[in-house]
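J.: File follows, model-v9.cif with mmCIF, C-alpha atoms:
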data_upload
#
loop_
_atom_site.label_atom_id
_atom_site.label_comp_id
_atom_site.auth_asym_id
_atom_site.auth_seq_id
_atom_site.Cartn_x
_atom_site.Cartn_y
_atom_site.Cartn_z
CA MET A 1 -1.97 -6.06 58.99
CA GLU A 2 1.04 -4.69 57.13
CA ILE A 3 3.84 -2.70 58.73
CA VAL A 4 5.43 0.06 56.68
CA THR A 5 8.86 1.16 57.87
CA GLY A 6 10.13 3.24 54.97
CA GLY A 7 9.23 4.82 51.69
CA PRO A 8 9.06 7.95 49.57
CA ALA A 9 8.48 11.35 51.16
CA SER A 10 6.54 12.80 48.24
CA GLN A 11 2.97 13.80 48.93
CA PRO A 12 0.29 11.79 47.12
CA LYS A 13 -2.81 13.30 45.64
CA VAL A 14 -5.89 12.37 47.64
CA PRO A 15 -8.52 10.64 45.51
CA ASP A 16 -12.27 10.87 45.37
CA GLY A 17 -12.60 14.53 46.31
CA MET A 18 -11.24 14.06 49.82
CA GLY A 19 -8.94 17.10 49.59
CA GLU A 20 -5.25 17.60 48.97
CA THR A 21 -2.67 16.51 51.52
CA MET A 22 -2.25 19.26 54.08
CA ALA A 23 1.09 20.94 54.76
CA LEU A 24 2.31 21.61 58.28
CA PRO A 25 1.13 25.10 59.29
CA LEU A 26 3.59 27.96 59.32
CA GLU A 27 4.58 29.66 62.56
CA ASP A 28 2.86 32.88 61.45
CA SER A 29 -0.46 31.16 60.86
CA ALA A 30 -3.48 32.90 62.37
CA ILE A 31 -4.06 29.75 64.44
CA PRO A 32 -2.20 30.19 67.76
CA VAL A 33 0.79 27.91 68.33
CA SER A 34 0.85 26.47 71.84
CA SER A 35 3.94 25.72 73.89
CA THR A 36 2.30 22.55 75.22
CA ARG A 37 4.76 19.66 74.93
CA VAL A 38 4.31 15.90 74.84
CA ASP A 39 7.99 14.95 74.81
CA GLY A 40 8.73 11.29 75.45
CA LYS A 41 5.19 10.14 74.76
CA VAL A 42 4.25 7.58 72.12
CA ALA A 43 1.01 8.32 70.29
CA ILE A 44 -1.08 6.19 67.94
CA VAL A 45 -3.46 8.09 65.65
CA THR A 46 -5.80 5.85 63.68
CA GLY A 47 -6.97 6.87 60.24
CA SER A 48 -4.09 9.33 59.95
CA GLY A 49 -2.99 9.15 56.33
CA ARG A 50 -4.72 12.38 55.38
CA ASN A 51 -6.73 15.38 56.51
CA LEU A 52 -7.68 15.55 60.19
CA GLY A 53 -5.75 12.49 61.32
CA ARG A 54 -2.63 13.58 59.48
CA ALA A 55 -2.82 17.00 61.08
CA GLY A 56 -3.03 15.33 64.48
CA VAL A 57 0.04 13.19 63.83
CA LEU A 58 2.11 16.15 62.71
CA GLU A 59 1.07 18.35 65.62
CA LEU A 60 1.90 15.64 68.16
CA ALA A 61 5.25 15.15 66.43
CA ARG A 62 5.95 18.87 66.41
CA ARG A 63 5.37 18.91 70.16
CA GLY A 64 7.79 16.04 70.75
CA ALA A 65 5.84 12.76 70.64
CA ASP A 66 6.94 9.69 68.74
CA VAL A 67 4.03 8.84 66.49
CA VAL A 68 2.32 5.90 64.82
CA VAL A 69 0.54 6.56 61.54
CA ASN A 70 -2.27 4.09 60.96
CA VAL A 71 -4.21 3.60 57.74
CA ARG A 72 -6.24 0.68 56.48
CA SER A 73 -4.71 0.18 53.05
CA ASN A 74 -2.94 3.17 51.48
CA ARG A 75 0.76 2.46 51.89
CA GLN A 76 1.88 5.64 50.12
CA GLU A 77 -0.11 7.93 52.40
CA ALA A 78 1.15 6.21 55.54
CA GLU A 79 4.77 6.38 54.43
CA ALA A 80 4.52 10.04 53.46
CA VAL A 81 3.06 11.13 56.79
CA ALA A 82 5.60 9.09 58.76
CA ARG A 83 8.47 10.72 56.85
CA GLU A 84 7.01 14.16 57.52
CA ALA A 85 6.84 13.37 61.22
CA GLU A 86 10.43 12.14 61.24
CA SER A 87 11.53 15.41 59.65
CA LEU A 88 10.33 17.10 62.86
CA GLY A 89 12.89 15.18 64.88
CA VAL A 90 10.84 12.31 66.30
CA ARG A 91 10.51 8.61 65.57
CA ALA A 92 7.60 7.55 63.39
CA LEU A 93 6.12 4.21 62.42
CA ALA A 94 3.55 3.64 59.67
CA ILE A 95 1.32 0.59 60.08
CA LEU A 96 -1.46 -0.69 57.86
CA ALA A 97 -4.28 -2.20 59.93
CA ASP A 98 -8.07 -2.27 59.79
CA VAL A 99 -9.22 -1.06 63.21
CA GLY A 100 -12.44 -3.03 62.83
CA ILE A 101 -10.52 -6.32 62.91
CA GLU A 102 -9.27 -7.20 66.38
CA GLU A 103 -6.36 -9.37 65.26
CA GLN A 104 -4.96 -6.59 63.10
CA VAL A 105 -5.28 -4.08 65.93
CA ASN A 106 -3.50 -6.40 68.36
CA ASN A 107 -0.71 -7.00 65.85
CA MET A 108 -0.36 -3.25 65.32
CA VAL A 109 -0.04 -2.52 69.02
CA ASP A 110 2.37 -5.41 69.52
CA GLU A 111 4.61 -3.90 66.84
CA VAL A 112 4.42 -0.47 68.44
CA LEU A 113 5.43 -1.95 71.80
CA THR A 114 8.30 -3.81 70.13
CA GLN A 115 9.57 -0.69 68.39
CA PHE A 116 8.82 2.01 70.97
CA GLY A 117 8.27 0.13 74.22
CA ARG A 118 5.10 1.91 75.31
CA VAL A 119 1.87 3.63 74.27
CA ASP A 120 0.85 6.82 76.07
CA VAL A 121 -1.72 8.35 73.73
CA LEU A 122 -4.42 6.81 71.53
CA ILE A 123 -6.42 9.01 69.17
CA ASN A 124 -9.28 6.94 67.71
CA ASN A 125 -9.61 9.22 64.69
CA VAL A 126 -11.13 6.74 62.22
CA GLY A 127 -14.58 7.75 61.07
CA PHE A 128 -16.68 5.92 58.48
CA ARG A 129 -19.67 8.05 57.45
CA PRO A 130 -21.52 6.51 54.49
CA LEU A 131 -25.02 7.55 53.45
CA TYR A 132 -27.42 4.61 53.64
CA PRO A 133 -31.22 5.09 53.43
CA PHE A 134 -32.52 3.25 56.48
CA THR A 135 -35.01 1.02 54.67
CA GLU A 136 -32.40 0.03 52.07
CA MET A 137 -29.39 -0.51 54.34
CA SER A 138 -28.17 -4.07 54.50
CA THR A 139 -27.03 -5.84 57.65
CA THR A 140 -23.56 -6.01 56.13
CA GLU A 141 -23.49 -2.25 55.62
CA TRP A 142 -24.73 -1.66 59.18
CA ARG A 143 -22.04 -3.91 60.62
CA GLY A 144 -19.34 -2.29 58.49
CA VAL A 145 -20.10 1.08 60.06
CA MET A 146 -20.17 -0.43 63.55
CA ALA A 147 -16.82 -2.15 62.92
CA ALA A 148 -15.05 1.09 62.04
CA ASN A 149 -16.74 3.51 64.44
CA LEU A 150 -17.48 1.41 67.53
CA ASP A 151 -15.51 -1.82 67.38
CA GLY A 152 -12.41 0.16 66.38
CA PRO A 153 -12.26 2.33 69.53
CA PHE A 154 -13.03 -0.76 71.64
CA PHE A 155 -10.32 -2.93 70.06
CA CYS A 156 -7.71 -0.17 70.05
CA SER A 157 -8.40 0.93 73.61
CA LYS A 158 -8.36 -2.62 74.92
CA ALA A 159 -5.02 -3.24 73.20
CA VAL A 160 -3.23 -0.15 74.56
CA VAL A 161 -4.60 0.06 78.10
CA PRO A 162 -2.21 -2.54 79.60
CA SER A 163 0.77 -0.47 78.44
CA MET A 164 -0.79 2.70 79.82
CA ILE A 165 -1.39 1.04 83.18
CA SER A 166 2.21 -0.22 83.29
CA ASN A 167 3.52 3.27 82.56
CA GLY A 168 1.38 5.11 85.08
CA GLY A 169 -1.32 6.57 82.86
CA GLY A 170 -2.30 7.75 79.43
CA SER A 171 -4.85 9.55 77.30
CA ILE A 172 -7.48 8.11 74.95
CA VAL A 173 -9.49 10.37 72.64
CA ASN A 174 -12.49 9.09 70.70
CA LEU A 175 -13.84 10.98 67.69
CA SER A 176 -17.48 11.67 66.87
CA GLY A 177 -19.41 14.04 64.61
CA ILE A 178 -22.22 16.59 64.87
CA ALA A 179 -24.73 14.24 63.23
CA SER A 180 -24.52 11.95 66.25
CA PHE A 181 -26.02 14.74 68.39
CA SER A 182 -28.39 16.38 65.91
CA GLY A 183 -29.41 13.31 63.89
CA ALA A 184 -29.10 13.05 60.12
CA ALA A 185 -31.07 11.37 57.37
CA ARG A 186 -29.38 8.31 55.83
CA ARG A 187 -26.84 8.21 58.65
CA SER A 188 -28.64 6.06 61.21
CA ALA A 189 -25.74 3.61 61.42
CA VAL A 190 -23.20 6.42 61.80
CA CYS A 191 -25.21 8.13 64.53
CA ALA A 192 -25.79 4.87 66.40
CA SER A 193 -22.13 3.88 66.24
CA LYS A 194 -20.84 7.26 67.39
CA VAL A 195 -23.29 7.52 70.27
CA GLY A 196 -22.16 4.03 71.24
CA ALA A 197 -18.57 5.30 71.28
CA LEU A 198 -19.71 8.13 73.55
CA GLY A 199 -21.06 5.56 76.01
CA LEU A 200 -17.78 3.65 75.80
CA THR A 201 -15.88 6.88 76.48
CA ARG A 202 -17.85 7.68 79.60
CA ALA A 203 -17.63 4.16 80.98
CA LEU A 204 -13.89 3.90 80.40
CA ALA A 205 -13.32 7.33 81.92
CA VAL A 206 -14.78 6.03 85.18
CA GLU A 207 -13.23 2.56 85.09
CA LEU A 208 -9.72 3.65 84.11
CA ALA A 209 -9.47 6.78 86.25
CA GLU A 210 -7.76 4.86 89.08
CA HIS A 211 -4.94 4.09 86.61
CA ASN A 212 -4.56 7.77 85.64
CA ILE A 213 -5.91 7.05 82.16
CA ARG A 214 -8.06 9.86 80.82
CA VAL A 215 -10.72 9.16 78.17
CA ASN A 216 -12.44 12.00 76.33
CA TYR A 217 -14.71 12.54 73.34
CA VAL A 218 -14.19 15.08 70.56
CA VAL A 219 -17.01 16.14 68.23
CA PRO A 220 -15.76 17.98 65.11
CA GLY A 221 -17.96 20.18 62.98
CA SER A 222 -17.42 21.10 59.33
CA TRP A 223 -13.91 21.51 57.91
CA ASP A 224 -11.96 22.91 55.01
CA GLU A 225 -9.58 19.97 54.93
CA THR A 226 -7.33 21.54 52.26
CA ALA A 227 -6.51 24.68 54.27
CA THR A 228 -3.42 25.17 56.40
CA SER A 229 -4.45 28.57 57.76
CA ILE A 230 -7.55 30.74 57.85
CA GLU A 231 -5.92 33.08 55.35
CA ASP A 232 -5.56 30.42 52.65
CA MET A 233 -9.11 29.10 52.92
CA GLU A 234 -11.11 29.19 49.75
CA PRO A 235 -13.57 32.13 49.73
CA GLU A 236 -16.53 29.76 49.64
CA SER A 237 -15.19 28.03 52.77
CA ARG A 238 -14.94 31.35 54.57
CA ASN A 239 -18.52 32.23 53.69
CA LEU A 240 -20.16 28.80 53.77
CA ASN A 241 -23.28 28.45 55.91
CA ARG A 242 -22.78 31.65 57.88
CA ALA A 243 -26.27 31.29 59.31
CA ARG A 244 -25.45 27.77 60.52
CA ILE A 245 -21.96 28.44 61.87
CA PRO A 246 -21.85 31.53 64.11
CA MET A 247 -18.11 32.02 63.51
CA GLY A 248 -18.91 32.32 59.81
CA ARG A 249 -16.38 29.84 58.43
CA LEU A 250 -15.35 26.21 58.33
CA GLY A 251 -12.65 24.91 60.64
CA ILE A 252 -9.16 23.93 59.48
CA PRO A 253 -7.42 20.68 60.47
CA GLN A 254 -4.85 22.48 62.63
CA GLU A 255 -7.59 23.58 65.03
CA LEU A 256 -8.61 19.99 65.71
CA ALA A 257 -4.95 18.94 65.92
CA ASN A 258 -4.38 21.54 68.65
CA LEU A 259 -7.20 19.99 70.69
CA TYR A 260 -5.79 16.50 70.21
CA ALA A 261 -2.40 17.71 71.45
CA PHE A 262 -3.92 19.41 74.49
CA LEU A 263 -5.81 16.27 75.48
CA ALA A 264 -2.64 14.22 75.00
CA SER A 265 -0.64 16.52 77.25
CA GLU A 266 -0.37 16.86 81.01
CA GLU A 267 -2.10 20.24 80.74
CA SER A 268 -5.36 18.25 80.60
CA SER A 269 -4.41 16.05 83.57
CA TYR A 270 -7.74 16.60 85.41
CA ILE A 271 -10.01 16.23 82.39
CA THR A 272 -11.71 12.91 81.70
CA GLY A 273 -15.13 11.68 80.60
CA GLN A 274 -15.83 14.95 78.79
CA THR A 275 -17.26 15.80 75.37
CA PHE A 276 -15.56 18.58 73.42
CA HIS A 277 -17.51 20.17 70.58
CA ILE A 278 -15.25 21.98 68.10
CA ASN A 279 -17.47 23.48 65.41
CA GLY A 280 -17.41 27.28 65.42
CA GLY A 281 -20.66 27.31 67.39
CA GLY A 282 -22.51 25.24 64.80
CA ILE A 283 -24.08 23.21 67.57
CA ARG A 284 -24.30 24.34 71.20
CA TYR A 285 -24.36 21.39 73.55
#
Please express what this file holds, its structure, as structure tokens.

T.:
Amino acid sequence: MEIVTGGPASQPKVPDGMGETMALPLEDSAIPVSSTRVDGKVAIVTGSGRNLGRAGVLELARRGADVVVNVRSNRQEAEAVAREAESLGVRALAILADVGIEEQVNNMVDEVLTQFGRVDVLINNVGFRPLYPFTEMSTTEWRGVMAANLDGPFFCSKAVVPSMISNGGGSIVNLSGIASFSGAARRSAVCASKVGALGLTRALAVELAEHNIRVNYVVPGSWDETATSIEDMEPESRNLNRARIPMGRLGIPQELANLYAFLASEESSYITGQTFHINGGGIRY
């Protein structure tokens, strides 16, 4: 694990076709801006150096939470997002840690507790979705997917729960994907790991309810990860797969970030053990 406490605020280009770094949405965006606040909370968002995780960090910061940006290895991304969050008037900490390695997770949470004194919100946003033909997938590849998608939520949740109990409650959100419910060729490991995380979510929701810790599951659909509003979506994103997505467009990261913020807030105080599909109607479940 490596802790990053400062660095340049410039936005890096995102490699390998993953999309440009997303700007914070404007107030006049077509996506509604909620008044829901999370002031005084400390939130860890794993896998938050870009795209969906980054949007979640910035929305939590905008609503008043101190935030922890976690990435596995890209120092520049982590620093940039942390500086953006700080510009919104909150404290931010960038930490490099592989969520699939328990020691690194424990060190990350220890540092958060040292710096901020508590953890109230955990968004297990990391998602590793490689394409491996089943008959060709190695045991090492299988275990790599399990480490990121199933071990990660387990290690992170186990590390933060004592702080949540001490502080009277908290919110844990685990992330999935549509393929885990519909099935997908060459993604057997991904589907198995994400359905495992669903089982973990439901079990923890029951076990931790007495401590006022809520645990929920979010299932994103397809996204235009470069867009900051519906208006600035590329035309092909607006029109992509209209037959498959009843709303006739891809989602934008801000829409998922709004759901993260709601589940982190006290407005969702009686919601636990639930699965939230956010996909424009692409799958009805």

J.: I'd like the interatomic distance between atom CA of Ile213 of chain A and atom CA of Cys191 of chain A, to a tenth of an Å.

T.: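 The value is 26.2 Å.
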
J.: From the list A:Asn51, A:Asn212, A:Ser229, A:Ser222, which residue is nearest Ser268 of chain A when using all atoms listed in the file?

T.: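 Ranked by minimum distance to Ser268 of chain A, first place goes to A:Asn212.
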
J.: In Å, rounded to a single decimal, give me how far atom CA of Thr114 of chain A is from atom CA of Arg75 of chain A.

T.: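 Result for atom CA of Arg75 of chain A versus atom CA of Thr114 of chain A: 20.7 Å, one decimal.
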
J.: Smallest atom-to-atom distance to Asn70 of chain A: which of A:Glu84, A:Asp39, A:Asp110, A:Asp98, using all atoms listed in the file?

T.: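 Going through A:Glu84, A:Asp39, A:Asp110, A:Asp98 one by one, the smallest distance to Asn70 of chain A is for A:Asp98.
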
J.: Name all residues at most 7 Å from Gly53 of chain A (count all atoms listed in the file; drop same-chain ones fewer than 6 positions away) and give them as a VMD selection string.

T.: chain A and resid 45 47 125

J.: Using all atoms listed in the file for the distances, tell me which of A:Gly127, A:Gly248, A:Gly144, A:Gly49 is nearest to Val219 of chain A.

T.: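 Checking each candidate against Val219 of chain A, we get A:Gly127 as the closest.
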
J.: Just checking: using only C-alpha atoms, which residue out of A:Lys194, A:Arg37, A:Arg50, A:Arg62 ends up closest to Phe181 of chain A?

T.: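 When distances to Phe181 of chain A are compared using only C-alpha atoms, the smallest one comes from A:Lys194.
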
J.: Can you tell me which residues surround Ser188 of chain A at a distance of at most 12 Å, considering all atoms listed in the file, apart from same-chain residues fewer than 2 positions away, and format the answer as a ChimeraX atom specification?

T.: /A:129-137,141-143,145-146,179-186,190-195

J.: Atom CA of Trp223 of chain A to atom CA of Phe262 of chain A: how many Å, to one decimal?

T.: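 Answer for the atom CA of Trp223 of chain A to atom CA of Phe262 of chain A separation: 19.5 Å.
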
J.: Residue by residue, what does the PyMOL selection byres ((chain A and resi 253) around 7) grab here? Present the result as a ChimeraX atom specification.

T.: /A:51-52,55,225,251-252,254-257

J.: Using the selection just defined, write its residues with C-alpha atoms as a PDB file, keeping the file's coordinate frame.

T.:
ATOM      1  CA  ASN A  51      -6.730  15.380  56.510  1.00  0.00           C
ATOM      2  CA  LEU A  52      -7.680  15.550  60.190  1.00  0.00           C
ATOM      3  CA  ALA A  55      -2.820  17.000  61.080  1.00  0.00           C
ATOM      4  CA  GLU A 225      -9.580  19.970  54.930  1.00  0.00           C
ATOM      5  CA  GLY A 251     -12.650  24.910  60.640  1.00  0.00           C
ATOM      6  CA  ILE A 252      -9.160  23.930  59.480  1.00  0.00           C
ATOM      7  CA  GLN A 254      -4.850  22.480  62.630  1.00  0.00           C
ATOM      8  CA  GLU A 255      -7.590  23.580  65.030  1.00  0.00           C
ATOM      9  CA  LEU A 256      -8.610  19.990  65.710  1.00  0.00           C
ATOM     10  CA  ALA A 257      -4.950  18.940  65.920  1.00  0.00           C
TER      11      ALA A 257
END

J.: Fewer than 2 positions away in the same chain doesn't count, so skip those; otherwise give me all residues within 9 Å of Glu59 of chain A, counting all atoms listed in the file, as a PDB file with C-alpha atoms, in the coordinates of the input.

T.:
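Saved as result-v7.pdb:
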ATOM      1  CA  LEU A  24       2.310  21.610  58.280  1.00  0.00           C
ATOM      2  CA  ARG A  54      -2.630  13.580  59.480  1.00  0.00           C
ATOM      3  CA  ALA A  55      -2.820  17.000  61.080  1.00  0.00           C
ATOM      4  CA  GLY A  56      -3.030  15.330  64.480  1.00  0.00           C
ATOM      5  CA  VAL A  57       0.040  13.190  63.830  1.00  0.00           C
ATOM      6  CA  ALA A  61       5.250  15.150  66.430  1.00  0.00           C
ATOM      7  CA  ARG A  62       5.950  18.870  66.410  1.00  0.00           C
ATOM      8  CA  ARG A  63       5.370  18.910  70.160  1.00  0.00           C
ATOM      9  CA  GLY A  64       7.790  16.040  70.750  1.00  0.00           C
ATOM     10  CA  ALA A  65       5.840  12.760  70.640  1.00  0.00           C
ATOM     11  CA  ALA A  85       6.840  13.370  61.220  1.00  0.00           C
ATOM     12  CA  GLN A 254      -4.850  22.480  62.630  1.00  0.00           C
ATOM     13  CA  ALA A 257      -4.950  18.940  65.920  1.00  0.00           C
ATOM     14  CA  ASN A 258      -4.380  21.540  68.650  1.00  0.00           C
ATOM     15  CA  TYR A 260      -5.790  16.500  70.210  1.00  0.00           C
ATOM     16  CA  ALA A 261      -2.400  17.710  71.450  1.00  0.00           C
TER      17      ALA A 261
END

J.: List the residues matched by the PyMOL selection byres ((chain A and resi 111) around 12) in the displayed structure as a PyMOL selection string, ordered by chain and then by residue number.

T.: chain A and resi 1-5+44+68+93-97+104-110+112-119+159-160

J.: How would segment 197-231 of chain A look with N, CA and C atoms restored, written as a short mmCIF file (atom, residue, chain, number, x, y, z; two decimals), in the coordinates of the input?

T.:
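And here is the file that came out, rebuild25.cif:
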data_model
loop_
_atom_site.label_atom_id
_atom_site.label_comp_id
_atom_site.auth_asym_id
_atom_site.auth_seq_id
_atom_site.Cartn_x
_atom_site.Cartn_y
_atom_site.Cartn_z
N ALA A 197 -19.94 4.95 70.88
CA ALA A 197 -18.57 5.30 71.28
C ALA A 197 -18.57 6.33 72.39
N LEU A 198 -19.59 7.19 72.44
CA LEU A 198 -19.71 8.13 73.55
C LEU A 198 -19.95 7.37 74.86
N GLY A 199 -20.82 6.37 74.82
CA GLY A 199 -21.06 5.56 76.01
C GLY A 199 -19.79 4.84 76.45
N LEU A 200 -19.04 4.31 75.49
CA LEU A 200 -17.78 3.65 75.80
C LEU A 200 -16.82 4.64 76.45
N THR A 201 -16.76 5.84 75.92
CA THR A 201 -15.88 6.88 76.48
C THR A 201 -16.20 7.14 77.94
N ARG A 202 -17.46 7.35 78.23
CA ARG A 202 -17.85 7.68 79.60
C ARG A 202 -17.59 6.53 80.56
N ALA A 203 -17.87 5.31 80.12
CA ALA A 203 -17.63 4.16 80.98
C ALA A 203 -16.14 3.96 81.26
N LEU A 204 -15.33 4.08 80.21
CA LEU A 204 -13.89 3.90 80.40
C LEU A 204 -13.30 5.01 81.24
N ALA A 205 -13.82 6.22 81.11
CA ALA A 205 -13.32 7.33 81.92
C ALA A 205 -13.45 7.01 83.41
N VAL A 206 -14.56 6.39 83.78
CA VAL A 206 -14.78 6.03 85.18
C VAL A 206 -13.91 4.83 85.56
N GLU A 207 -13.92 3.80 84.74
CA GLU A 207 -13.23 2.56 85.09
C GLU A 207 -11.71 2.71 85.11
N LEU A 208 -11.18 3.55 84.23
CA LEU A 208 -9.72 3.65 84.11
C LEU A 208 -9.13 4.82 84.89
N ALA A 209 -9.97 5.61 85.53
CA ALA A 209 -9.47 6.78 86.25
C ALA A 209 -8.46 6.40 87.34
N GLU A 210 -8.67 5.27 88.01
CA GLU A 210 -7.76 4.86 89.08
C GLU A 210 -6.35 4.56 88.54
N HIS A 211 -6.25 4.35 87.24
CA HIS A 211 -4.94 4.09 86.61
C HIS A 211 -4.37 5.35 85.96
N ASN A 212 -5.01 6.50 86.23
CA ASN A 212 -4.56 7.77 85.64
C ASN A 212 -4.65 7.76 84.13
N ILE A 213 -5.64 7.05 83.61
CA ILE A 213 -5.91 7.05 82.16
C ILE A 213 -7.15 7.90 81.92
N ARG A 214 -6.98 8.93 81.13
CA ARG A 214 -8.06 9.86 80.82
C ARG A 214 -8.69 9.48 79.47
N VAL A 215 -10.00 9.54 79.40
CA VAL A 215 -10.72 9.16 78.17
C VAL A 215 -11.72 10.26 77.85
N ASN A 216 -11.58 10.88 76.70
CA ASN A 216 -12.44 12.00 76.33
C ASN A 216 -12.98 11.84 74.92
N TYR A 217 -13.96 12.66 74.59
CA TYR A 217 -14.71 12.54 73.34
C TYR A 217 -14.67 13.88 72.61
N VAL A 218 -14.29 13.87 71.35
CA VAL A 218 -14.19 15.08 70.56
C VAL A 218 -15.19 15.01 69.41
N VAL A 219 -15.95 16.09 69.24
CA VAL A 219 -17.01 16.14 68.23
C VAL A 219 -16.70 17.26 67.24
N PRO A 220 -16.07 16.94 66.10
CA PRO A 220 -15.76 17.98 65.11
C PRO A 220 -16.99 18.42 64.34
N GLY A 221 -16.92 19.66 63.85
CA GLY A 221 -17.96 20.18 62.98
C GLY A 221 -17.57 20.04 61.52
N SER A 222 -17.71 21.12 60.76
CA SER A 222 -17.42 21.10 59.33
C SER A 222 -16.05 21.73 59.08
N TRP A 223 -15.31 21.15 58.09
CA TRP A 223 -13.91 21.51 57.91
C TRP A 223 -13.58 21.82 56.47
N ASP A 224 -12.64 22.75 56.28
CA ASP A 224 -11.96 22.91 55.01
C ASP A 224 -10.68 22.11 55.13
N GLU A 225 -10.69 20.88 54.67
CA GLU A 225 -9.58 19.97 54.93
C GLU A 225 -8.37 20.25 54.04
N THR A 226 -8.48 21.18 53.09
CA THR A 226 -7.33 21.54 52.26
C THR A 226 -6.56 22.72 52.82
N ALA A 227 -7.11 23.43 53.80
CA ALA A 227 -6.51 24.68 54.27
C ALA A 227 -5.50 24.44 55.37
N THR A 228 -4.42 25.23 55.35
CA THR A 228 -3.42 25.17 56.40
C THR A 228 -3.46 26.40 57.29
N SER A 229 -4.24 27.40 56.92
CA SER A 229 -4.45 28.57 57.76
C SER A 229 -5.77 29.20 57.35
N ILE A 230 -6.29 30.07 58.19
CA ILE A 230 -7.55 30.74 57.85
C ILE A 230 -7.36 31.60 56.61
N GLU A 231 -6.17 32.19 56.47
CA GLU A 231 -5.92 33.08 55.35
C GLU A 231 -5.99 32.37 54.00
#
